[in-house]
>>> print(open('model-v3.txt').read())   # compact mmCIF, N, CA and C atoms
# COMPACT_ATOMS: atom_id res chain seq x y z
N MET J 12 -58.11 -56.46 -71.71
CA MET J 12 -56.67 -56.38 -71.70
C MET J 12 -56.12 -55.83 -73.02
N ALA J 13 -56.80 -56.15 -74.12
CA ALA J 13 -56.37 -55.67 -75.43
C ALA J 13 -56.45 -54.15 -75.49
N ALA J 14 -57.44 -53.57 -74.83
CA ALA J 14 -57.58 -52.11 -74.84
C ALA J 14 -56.40 -51.45 -74.14
N ILE J 15 -55.92 -52.06 -73.07
CA ILE J 15 -54.77 -51.51 -72.36
C ILE J 15 -53.51 -51.58 -73.23
N ILE J 16 -53.33 -52.69 -73.92
CA ILE J 16 -52.17 -52.84 -74.81
C ILE J 16 -52.26 -51.82 -75.94
N ASN J 17 -53.45 -51.66 -76.52
CA ASN J 17 -53.63 -50.65 -77.58
C ASN J 17 -53.29 -49.26 -77.07
N PHE J 18 -53.72 -48.94 -75.86
CA PHE J 18 -53.46 -47.62 -75.28
C PHE J 18 -51.97 -47.41 -75.03
N VAL J 19 -51.30 -48.43 -74.50
CA VAL J 19 -49.86 -48.32 -74.24
C VAL J 19 -49.09 -48.10 -75.54
N PHE J 20 -49.45 -48.80 -76.58
CA PHE J 20 -48.76 -48.62 -77.85
C PHE J 20 -49.11 -47.28 -78.49
N PHE J 21 -50.32 -46.79 -78.28
CA PHE J 21 -50.68 -45.45 -78.74
C PHE J 21 -49.82 -44.39 -78.05
N ILE J 22 -49.65 -44.52 -76.74
CA ILE J 22 -48.83 -43.57 -75.99
C ILE J 22 -47.38 -43.64 -76.45
N ALA J 23 -46.85 -44.85 -76.63
CA ALA J 23 -45.47 -45.01 -77.07
C ALA J 23 -45.25 -44.38 -78.44
N ALA J 24 -46.16 -44.62 -79.36
CA ALA J 24 -46.05 -44.04 -80.71
C ALA J 24 -46.17 -42.52 -80.65
N SER J 25 -47.05 -42.01 -79.81
CA SER J 25 -47.22 -40.57 -79.68
C SER J 25 -45.97 -39.91 -79.09
N LEU J 26 -45.37 -40.53 -78.08
CA LEU J 26 -44.15 -39.98 -77.50
C LEU J 26 -43.00 -39.99 -78.49
N LEU J 27 -42.91 -41.05 -79.28
CA LEU J 27 -41.87 -41.08 -80.32
C LEU J 27 -42.11 -40.00 -81.37
N SER J 28 -43.37 -39.75 -81.72
CA SER J 28 -43.67 -38.68 -82.67
C SER J 28 -43.31 -37.31 -82.10
N LEU J 29 -43.62 -37.10 -80.84
CA LEU J 29 -43.25 -35.83 -80.20
C LEU J 29 -41.73 -35.65 -80.16
N LEU J 30 -41.01 -36.72 -79.86
CA LEU J 30 -39.54 -36.65 -79.87
C LEU J 30 -39.02 -36.35 -81.26
N TRP J 31 -39.61 -36.98 -82.27
CA TRP J 31 -39.22 -36.74 -83.66
C TRP J 31 -39.36 -35.26 -84.00
N TRP J 32 -40.52 -34.68 -83.64
CA TRP J 32 -40.74 -33.26 -83.93
C TRP J 32 -39.83 -32.36 -83.09
N ALA J 33 -39.54 -32.74 -81.87
CA ALA J 33 -38.64 -31.94 -81.03
C ALA J 33 -37.24 -31.90 -81.64
N ILE J 34 -36.78 -33.01 -82.20
CA ILE J 34 -35.47 -33.04 -82.84
C ILE J 34 -35.46 -32.16 -84.08
N ILE J 35 -36.51 -32.23 -84.88
CA ILE J 35 -36.61 -31.40 -86.08
C ILE J 35 -36.61 -29.91 -85.71
N ILE J 36 -37.45 -29.54 -84.75
CA ILE J 36 -37.54 -28.13 -84.35
C ILE J 36 -36.24 -27.65 -83.74
N SER J 37 -35.59 -28.50 -82.96
CA SER J 37 -34.31 -28.14 -82.36
C SER J 37 -33.25 -27.91 -83.43
N ALA J 38 -33.21 -28.76 -84.44
CA ALA J 38 -32.24 -28.59 -85.53
C ALA J 38 -32.50 -27.30 -86.30
N VAL J 39 -33.76 -27.03 -86.62
CA VAL J 39 -34.10 -25.81 -87.35
C VAL J 39 -33.75 -24.58 -86.51
N MET J 40 -34.07 -24.63 -85.21
CA MET J 40 -33.74 -23.49 -84.35
C MET J 40 -32.23 -23.27 -84.27
N SER J 41 -31.45 -24.36 -84.22
CA SER J 41 -30.00 -24.19 -84.16
C SER J 41 -29.47 -23.53 -85.43
N TRP J 42 -30.06 -23.87 -86.58
CA TRP J 42 -29.65 -23.21 -87.82
C TRP J 42 -30.05 -21.74 -87.82
N LEU J 43 -31.25 -21.45 -87.33
CA LEU J 43 -31.70 -20.06 -87.29
C LEU J 43 -30.84 -19.22 -86.35
N VAL J 44 -30.41 -19.81 -85.25
CA VAL J 44 -29.52 -19.10 -84.32
C VAL J 44 -28.15 -18.92 -84.96
N ALA J 45 -27.65 -19.97 -85.63
CA ALA J 45 -26.33 -19.89 -86.26
C ALA J 45 -26.28 -18.82 -87.35
N PHE J 46 -27.37 -18.64 -88.09
CA PHE J 46 -27.41 -17.64 -89.15
C PHE J 46 -27.96 -16.30 -88.66
N ASP J 47 -28.11 -16.17 -87.35
CA ASP J 47 -28.53 -14.94 -86.69
C ASP J 47 -29.91 -14.45 -87.17
N VAL J 48 -30.79 -15.39 -87.48
CA VAL J 48 -32.16 -15.04 -87.83
C VAL J 48 -32.97 -14.81 -86.56
N ILE J 49 -32.74 -15.68 -85.56
CA ILE J 49 -33.34 -15.48 -84.25
C ILE J 49 -32.21 -15.32 -83.24
N ASN J 50 -32.53 -14.72 -82.12
CA ASN J 50 -31.51 -14.38 -81.15
C ASN J 50 -31.84 -15.03 -79.81
N LEU J 51 -30.85 -15.67 -79.21
CA LEU J 51 -31.07 -16.32 -77.92
C LEU J 51 -31.17 -15.33 -76.76
N ARG J 52 -30.93 -14.05 -77.02
CA ARG J 52 -31.12 -13.05 -75.97
C ARG J 52 -32.60 -12.78 -75.72
N ASN J 53 -33.45 -13.20 -76.64
CA ASN J 53 -34.89 -13.12 -76.44
C ASN J 53 -35.28 -14.20 -75.44
N PRO J 54 -35.90 -13.83 -74.30
CA PRO J 54 -36.20 -14.83 -73.26
C PRO J 54 -37.07 -15.99 -73.73
N ALA J 55 -38.05 -15.73 -74.58
CA ALA J 55 -38.93 -16.80 -75.05
C ALA J 55 -38.15 -17.78 -75.92
N ILE J 56 -37.34 -17.27 -76.83
CA ILE J 56 -36.53 -18.12 -77.71
C ILE J 56 -35.53 -18.92 -76.88
N TYR J 57 -34.94 -18.26 -75.88
CA TYR J 57 -33.98 -18.95 -75.01
C TYR J 57 -34.64 -20.10 -74.25
N GLN J 58 -35.84 -19.87 -73.72
CA GLN J 58 -36.54 -20.92 -72.98
C GLN J 58 -36.92 -22.09 -73.88
N ILE J 59 -37.40 -21.77 -75.08
CA ILE J 59 -37.76 -22.84 -76.02
C ILE J 59 -36.52 -23.64 -76.40
N SER J 60 -35.43 -22.94 -76.68
CA SER J 60 -34.19 -23.62 -77.06
C SER J 60 -33.66 -24.49 -75.92
N THR J 61 -33.70 -23.97 -74.70
CA THR J 61 -33.24 -24.73 -73.54
C THR J 61 -34.10 -25.97 -73.32
N PHE J 62 -35.41 -25.81 -73.44
CA PHE J 62 -36.33 -26.95 -73.28
C PHE J 62 -36.04 -28.02 -74.32
N LEU J 63 -35.90 -27.61 -75.58
CA LEU J 63 -35.64 -28.58 -76.64
C LEU J 63 -34.29 -29.27 -76.45
N ASP J 64 -33.29 -28.54 -75.99
CA ASP J 64 -31.99 -29.15 -75.73
C ASP J 64 -32.07 -30.17 -74.60
N ARG J 65 -32.85 -29.88 -73.58
CA ARG J 65 -33.00 -30.82 -72.46
C ARG J 65 -33.78 -32.06 -72.86
N VAL J 66 -34.71 -31.91 -73.79
CA VAL J 66 -35.51 -33.06 -74.24
C VAL J 66 -34.71 -33.92 -75.23
N THR J 67 -34.03 -33.28 -76.16
CA THR J 67 -33.36 -34.03 -77.22
C THR J 67 -31.92 -34.42 -76.87
N GLY J 68 -31.31 -33.71 -75.95
CA GLY J 68 -29.91 -33.96 -75.60
C GLY J 68 -29.62 -35.38 -75.15
N PRO J 69 -30.40 -35.93 -74.19
CA PRO J 69 -30.11 -37.30 -73.75
C PRO J 69 -30.24 -38.35 -74.86
N VAL J 70 -31.03 -38.07 -75.86
CA VAL J 70 -31.19 -39.02 -76.96
C VAL J 70 -30.06 -38.84 -77.98
N LEU J 71 -29.69 -37.59 -78.24
CA LEU J 71 -28.70 -37.32 -79.28
C LEU J 71 -27.26 -37.52 -78.81
N ARG J 72 -26.96 -37.24 -77.53
CA ARG J 72 -25.57 -37.29 -77.05
C ARG J 72 -24.86 -38.62 -77.29
N PRO J 73 -25.48 -39.76 -77.01
CA PRO J 73 -24.75 -41.02 -77.29
C PRO J 73 -24.39 -41.18 -78.77
N PHE J 74 -25.24 -40.73 -79.65
CA PHE J 74 -24.96 -40.83 -81.08
C PHE J 74 -23.91 -39.81 -81.50
N GLN J 75 -23.90 -38.64 -80.86
CA GLN J 75 -22.89 -37.63 -81.16
C GLN J 75 -21.50 -38.10 -80.74
N LYS J 76 -21.44 -38.91 -79.69
CA LYS J 76 -20.15 -39.47 -79.26
C LYS J 76 -19.66 -40.53 -80.24
N LEU J 77 -20.58 -41.30 -80.81
CA LEU J 77 -20.21 -42.38 -81.72
C LEU J 77 -19.94 -41.91 -83.14
N ILE J 78 -20.71 -40.92 -83.60
CA ILE J 78 -20.63 -40.48 -84.99
C ILE J 78 -19.96 -39.12 -85.04
N PRO J 79 -18.77 -39.04 -85.61
CA PRO J 79 -18.10 -37.73 -85.69
C PRO J 79 -18.79 -36.83 -86.73
N PRO J 80 -18.70 -35.51 -86.55
CA PRO J 80 -19.27 -34.60 -87.55
C PRO J 80 -18.58 -34.79 -88.90
N MET J 81 -19.37 -34.76 -89.96
CA MET J 81 -18.82 -34.89 -91.31
C MET J 81 -18.81 -33.54 -91.98
N GLY J 82 -17.62 -33.01 -92.19
CA GLY J 82 -17.50 -31.69 -92.80
C GLY J 82 -18.08 -30.60 -91.92
N GLY J 83 -18.01 -30.76 -90.62
CA GLY J 83 -18.56 -29.78 -89.69
C GLY J 83 -20.05 -29.90 -89.47
N VAL J 84 -20.68 -30.89 -90.09
CA VAL J 84 -22.13 -31.08 -89.96
C VAL J 84 -22.39 -32.30 -89.08
N ASP J 85 -23.20 -32.11 -88.05
CA ASP J 85 -23.55 -33.18 -87.14
C ASP J 85 -24.73 -33.96 -87.73
N ILE J 86 -24.47 -35.23 -88.10
CA ILE J 86 -25.52 -36.04 -88.71
C ILE J 86 -26.20 -36.96 -87.71
N SER J 87 -25.86 -36.83 -86.43
CA SER J 87 -26.45 -37.72 -85.43
C SER J 87 -27.96 -37.55 -85.35
N ALA J 88 -28.46 -36.33 -85.56
CA ALA J 88 -29.90 -36.11 -85.52
C ALA J 88 -30.60 -36.89 -86.64
N ILE J 89 -29.98 -36.95 -87.80
CA ILE J 89 -30.56 -37.69 -88.92
C ILE J 89 -30.62 -39.18 -88.59
N ILE J 90 -29.56 -39.70 -87.99
CA ILE J 90 -29.53 -41.11 -87.61
C ILE J 90 -30.61 -41.41 -86.58
N VAL J 91 -30.75 -40.54 -85.59
CA VAL J 91 -31.78 -40.74 -84.55
C VAL J 91 -33.17 -40.67 -85.17
N LEU J 92 -33.40 -39.74 -86.10
CA LEU J 92 -34.70 -39.66 -86.76
C LEU J 92 -35.01 -40.92 -87.56
N LEU J 93 -34.00 -41.48 -88.22
CA LEU J 93 -34.21 -42.74 -88.95
C LEU J 93 -34.52 -43.88 -88.00
N ILE J 94 -33.85 -43.93 -86.87
CA ILE J 94 -34.12 -44.99 -85.89
C ILE J 94 -35.53 -44.85 -85.32
N ILE J 95 -35.93 -43.63 -84.98
CA ILE J 95 -37.28 -43.41 -84.44
C ILE J 95 -38.33 -43.83 -85.47
N THR J 96 -38.12 -43.45 -86.72
CA THR J 96 -39.06 -43.82 -87.78
C THR J 96 -39.12 -45.34 -87.95
N GLY J 97 -37.97 -46.01 -87.89
CA GLY J 97 -37.95 -47.46 -88.00
C GLY J 97 -38.68 -48.14 -86.85
N VAL J 98 -38.47 -47.63 -85.65
CA VAL J 98 -39.16 -48.19 -84.49
C VAL J 98 -40.67 -48.00 -84.63
N GLN J 99 -41.09 -46.81 -85.06
CA GLN J 99 -42.52 -46.54 -85.22
C GLN J 99 -43.15 -47.40 -86.31
N ASN J 100 -42.45 -47.59 -87.41
CA ASN J 100 -43.06 -48.27 -88.55
C ASN J 100 -42.91 -49.78 -88.53
N TYR J 101 -41.89 -50.30 -87.86
CA TYR J 101 -41.63 -51.74 -87.94
C TYR J 101 -41.68 -52.44 -86.58
N ILE J 102 -40.98 -51.91 -85.60
CA ILE J 102 -40.87 -52.62 -84.32
C ILE J 102 -42.16 -52.51 -83.51
N LEU J 103 -42.69 -51.30 -83.35
CA LEU J 103 -43.92 -51.15 -82.55
C LEU J 103 -45.10 -51.94 -83.12
N PRO J 104 -45.38 -51.86 -84.43
CA PRO J 104 -46.51 -52.66 -84.94
C PRO J 104 -46.30 -54.17 -84.78
N ALA J 105 -45.07 -54.64 -85.02
CA ALA J 105 -44.82 -56.08 -84.87
C ALA J 105 -44.98 -56.52 -83.42
N LEU J 106 -44.46 -55.71 -82.51
CA LEU J 106 -44.60 -56.02 -81.09
C LEU J 106 -46.05 -55.96 -80.64
N HIS J 107 -46.78 -55.01 -81.18
CA HIS J 107 -48.20 -54.86 -80.86
C HIS J 107 -49.00 -56.10 -81.28
N VAL J 108 -48.78 -56.52 -82.51
CA VAL J 108 -49.47 -57.71 -83.01
C VAL J 108 -49.07 -58.95 -82.23
N ALA J 109 -47.79 -59.07 -81.91
CA ALA J 109 -47.33 -60.24 -81.17
C ALA J 109 -47.96 -60.30 -79.78
N LEU J 110 -48.05 -59.15 -79.10
CA LEU J 110 -48.68 -59.15 -77.78
C LEU J 110 -50.17 -59.45 -77.84
N LEU J 111 -50.83 -58.91 -78.86
CA LEU J 111 -52.26 -59.20 -79.00
C LEU J 111 -52.50 -60.68 -79.33
N ASN J 112 -51.63 -61.28 -80.15
CA ASN J 112 -51.75 -62.70 -80.46
C ASN J 112 -51.46 -63.58 -79.24
N LEU J 113 -50.58 -63.10 -78.38
CA LEU J 113 -50.25 -63.85 -77.18
C LEU J 113 -51.46 -63.93 -76.26
N LEU J 114 -52.27 -62.88 -76.25
CA LEU J 114 -53.46 -62.87 -75.41
C LEU J 114 -54.57 -63.76 -75.98
N GLY J 115 -54.51 -63.96 -77.28
CA GLY J 115 -55.51 -64.85 -77.85
C GLY J 115 -56.49 -64.15 -78.63
>>> encode(input="model-v3.txt", output="structure tokens")
Amino acid sequence: MAAIINFVFFIAASLLSLLWWAIIISAVMSWLVAFDVINLRNPAIYQISTFLDRVTGPVLRPFQKLIPPMGGVDISAIIVLLIITGVQNYILPALHVALLNLLG
């Protein structure tokens, strides 16, 4: 049973890491598009951008509604990244240990 719990927590941590990187890449791509370094008329860039928006949008939108842009800069991504990092570093390990101790 401990192996299954270890695997579930490995998957959860991996998915949070992938989400973390998707948010970072999405933010960098939005800056590159804004400064006209890359162009969304390129089909590959457009598909990547659309995919990242669909993955990160449901996570970022609630925070974008709560946190107004400061000086035209959207800081909701930074808040979400801090929350993901906190969950990975503090909540997941504590929950993992607690579940393993519960099993004996």
>>> closest_residue(input="model-v3.txt", among="J:Leu26, J:Leu71, J:Ala13, J:Leu43", to="Ala88 (chain J)", atoms="only C-alpha atoms")
J:Leu71
>>> atom_distance(input="model-v3.txt", atom1="atom C of Met12 (chain J)", atom2="atom C of Leu27 (chain J)")
22.7 Å
>>> atom_distance(input="model-v3.txt", atom1="atom N of Leu110 (chain J)", atom2="atom N of Phe18 (chain J)")
12.1 Å
>>> closest_residue(input="model-v3.txt", among="J:Val91, J:Ile56, J:Arg72, J:Ile78", to="Trp31 (chain J)", atoms="all atoms listed in the file")
J:Val91
>>> residues_near_point(input="model-v3.txt", point="(-35.4, -31.9, -80.3)", cutoff="6 Å", atoms="all atoms listed in the file", output="PyMOL selection string")
chain J and resi 30+32-38+63-64+66-67
>>> write_last_selection(input="model-v3.txt", atoms="N, CA and C atoms", output="PDB file, in the frame of the given file")
ATOM      1  N   LEU J  30     -41.010 -36.720 -79.860  1.00  0.00           N
ATOM      2  CA  LEU J  30     -39.540 -36.650 -79.870  1.00  0.00           C
ATOM      3  C   LEU J  30     -39.020 -36.350 -81.260  1.00  0.00           C
ATOM      4  N   TRP J  32     -40.520 -34.680 -83.640  1.00  0.00           N
ATOM      5  CA  TRP J  32     -40.740 -33.260 -83.930  1.00  0.00           C
ATOM      6  C   TRP J  32     -39.830 -32.360 -83.090  1.00  0.00           C
ATOM      7  N   ALA J  33     -39.540 -32.740 -81.870  1.00  0.00           N
ATOM      8  CA  ALA J  33     -38.640 -31.940 -81.030  1.00  0.00           C
ATOM      9  C   ALA J  33     -37.240 -31.900 -81.640  1.00  0.00           C
ATOM     10  N   ILE J  34     -36.780 -33.010 -82.200  1.00  0.00           N
ATOM     11  CA  ILE J  34     -35.470 -33.040 -82.840  1.00  0.00           C
ATOM     12  C   ILE J  34     -35.460 -32.160 -84.080  1.00  0.00           C
ATOM     13  N   ILE J  35     -36.510 -32.230 -84.880  1.00  0.00           N
ATOM     14  CA  ILE J  35     -36.610 -31.400 -86.080  1.00  0.00           C
ATOM     15  C   ILE J  35     -36.610 -29.910 -85.710  1.00  0.00           C
ATOM     16  N   ILE J  36     -37.450 -29.540 -84.750  1.00  0.00           N
ATOM     17  CA  ILE J  36     -37.540 -28.130 -84.350  1.00  0.00           C
ATOM     18  C   ILE J  36     -36.240 -27.650 -83.740  1.00  0.00           C
ATOM     19  N   SER J  37     -35.590 -28.500 -82.960  1.00  0.00           N
ATOM     20  CA  SER J  37     -34.310 -28.140 -82.360  1.00  0.00           C
ATOM     21  C   SER J  37     -33.250 -27.910 -83.430  1.00  0.00           C
ATOM     22  N   ALA J  38     -33.210 -28.760 -84.440  1.00  0.00           N
ATOM     23  CA  ALA J  38     -32.240 -28.590 -85.530  1.00  0.00           C
ATOM     24  C   ALA J  38     -32.500 -27.300 -86.300  1.00  0.00           C
ATOM     25  N   LEU J  63     -35.900 -27.610 -75.580  1.00  0.00           N
ATOM     26  CA  LEU J  63     -35.640 -28.580 -76.640  1.00  0.00           C
ATOM     27  C   LEU J  63     -34.290 -29.270 -76.450  1.00  0.00           C
ATOM     28  N   ASP J  64     -33.290 -28.540 -75.990  1.00  0.00           N
ATOM     29  CA  ASP J  64     -31.990 -29.150 -75.730  1.00  0.00           C
ATOM     30  C   ASP J  64     -32.070 -30.170 -74.600  1.00  0.00           C
ATOM     31  N   VAL J  66     -34.710 -31.910 -73.790  1.00  0.00           N
ATOM     32  CA  VAL J  66     -35.510 -33.060 -74.240  1.00  0.00           C
ATOM     33  C   VAL J  66     -34.710 -33.920 -75.230  1.00  0.00           C
ATOM     34  N   THR J  67     -34.030 -33.280 -76.160  1.00  0.00           N
ATOM     35  CA  THR J  67     -33.360 -34.030 -77.220  1.00  0.00           C
ATOM     36  C   THR J  67     -31.920 -34.420 -76.870  1.00  0.00           C
TER      37      THR J  67
END
>>> atom_distance(input="model-v3.txt", atom1="CA of Tyr57 (chain J)", atom2="atom N of Ala24 (chain J)")
28.7 Å
>>> select_by_dssp(input="model-v3.txt", residues="region 15-90 of chain J", states="alpha helix (DSSP H)", output="ChimeraX atom specification")
/J:15-45,54-77,87-90
>>> decode(input="model-v3.txt", residues="region 28-109 of chain J", atoms="C-alpha atoms", output="compact mmCIF listing (two decimals), in the first residue's frame")
# COMPACT_ATOMS: atom_id res chain seq x y z
CA SER J 28 5.91 20.74 -11.75
CA LEU J 29 4.53 20.52 -15.27
CA LEU J 30 1.93 23.18 -14.44
CA TRP J 31 4.66 25.38 -12.95
CA TRP J 32 6.68 25.14 -16.16
CA ALA J 33 3.60 25.70 -18.34
CA ILE J 34 2.89 28.96 -16.49
CA ILE J 35 6.50 30.10 -16.89
CA ILE J 36 6.59 29.26 -20.60
CA SER J 37 3.19 30.88 -21.15
CA ALA J 38 4.35 34.10 -19.47
CA VAL J 39 7.57 34.21 -21.49
CA MET J 40 5.67 33.54 -24.71
CA SER J 41 3.20 36.33 -23.94
CA TRP J 42 6.11 38.75 -23.49
CA LEU J 43 7.73 37.59 -26.72
CA VAL J 44 4.44 38.08 -28.59
CA ALA J 45 3.91 41.49 -26.97
CA PHE J 46 7.38 42.66 -28.06
CA ASP J 47 6.85 41.15 -31.53
CA VAL J 48 9.78 38.74 -31.21
CA ILE J 49 7.56 35.82 -32.18
CA ASN J 50 4.41 35.99 -34.23
CA LEU J 51 1.13 34.20 -33.59
CA ARG J 52 0.54 33.96 -37.35
CA ASN J 53 3.04 31.11 -37.31
CA PRO J 54 0.85 27.97 -36.96
CA ALA J 55 3.27 26.16 -34.61
CA ILE J 56 3.60 29.17 -32.29
CA TYR J 57 -0.17 29.66 -32.37
CA GLN J 58 -0.82 26.01 -31.42
CA ILE J 59 1.70 26.11 -28.58
CA SER J 60 0.25 29.37 -27.29
CA THR J 61 -3.31 28.06 -27.49
CA PHE J 62 -2.36 24.84 -25.70
CA LEU J 63 -0.59 26.74 -22.91
CA ASP J 64 -3.54 29.11 -22.52
CA ARG J 65 -5.95 26.18 -22.22
CA VAL J 66 -3.75 24.48 -19.62
CA THR J 67 -2.93 27.54 -17.52
CA GLY J 68 -6.14 29.54 -17.99
CA PRO J 69 -8.37 27.59 -15.58
CA VAL J 70 -5.73 27.93 -12.86
CA LEU J 71 -4.90 31.59 -13.46
CA ARG J 72 -8.40 33.02 -14.14
CA PRO J 73 -9.70 32.88 -10.54
CA PHE J 74 -6.60 34.71 -9.34
CA GLN J 75 -6.84 37.25 -12.18
CA LYS J 76 -10.38 38.05 -11.02
CA LEU J 77 -9.24 38.54 -7.41
CA ILE J 78 -5.95 40.36 -8.00
CA PRO J 79 -6.10 43.48 -10.18
CA PRO J 80 -3.14 44.27 -12.46
CA MET J 81 -0.56 46.50 -10.79
CA GLY J 82 0.71 49.15 -13.15
CA GLY J 83 -0.57 47.16 -16.12
CA VAL J 84 1.33 44.05 -14.99
CA ASP J 85 -0.62 40.90 -14.15
CA ILE J 86 0.94 39.38 -11.03
CA SER J 87 -1.53 36.51 -10.72
CA ALA J 88 0.95 34.13 -12.36
CA ILE J 89 3.53 34.95 -9.68
CA ILE J 90 0.99 34.27 -6.93
CA VAL J 91 0.01 30.94 -8.51
CA LEU J 92 3.69 29.95 -8.86
CA LEU J 93 4.26 30.72 -5.17
CA ILE J 94 1.22 28.65 -4.20
CA ILE J 95 2.34 25.70 -6.36
CA THR J 96 5.82 25.86 -4.85
CA GLY J 97 4.37 25.98 -1.33
CA VAL J 98 2.14 22.99 -2.01
CA GLN J 99 5.08 21.03 -3.45
CA ASN J 100 7.49 21.88 -0.65
CA TYR J 101 5.26 21.86 2.43
CA ILE J 102 1.78 20.40 1.96
CA LEU J 103 2.55 17.36 -0.21
CA PRO J 104 5.46 16.09 1.92
CA ALA J 105 3.52 16.58 5.17
CA LEU J 106 0.48 14.83 3.74
CA HIS J 107 2.68 12.05 2.38
CA VAL J 108 4.29 11.40 5.76
CA ALA J 109 0.95 11.58 7.54
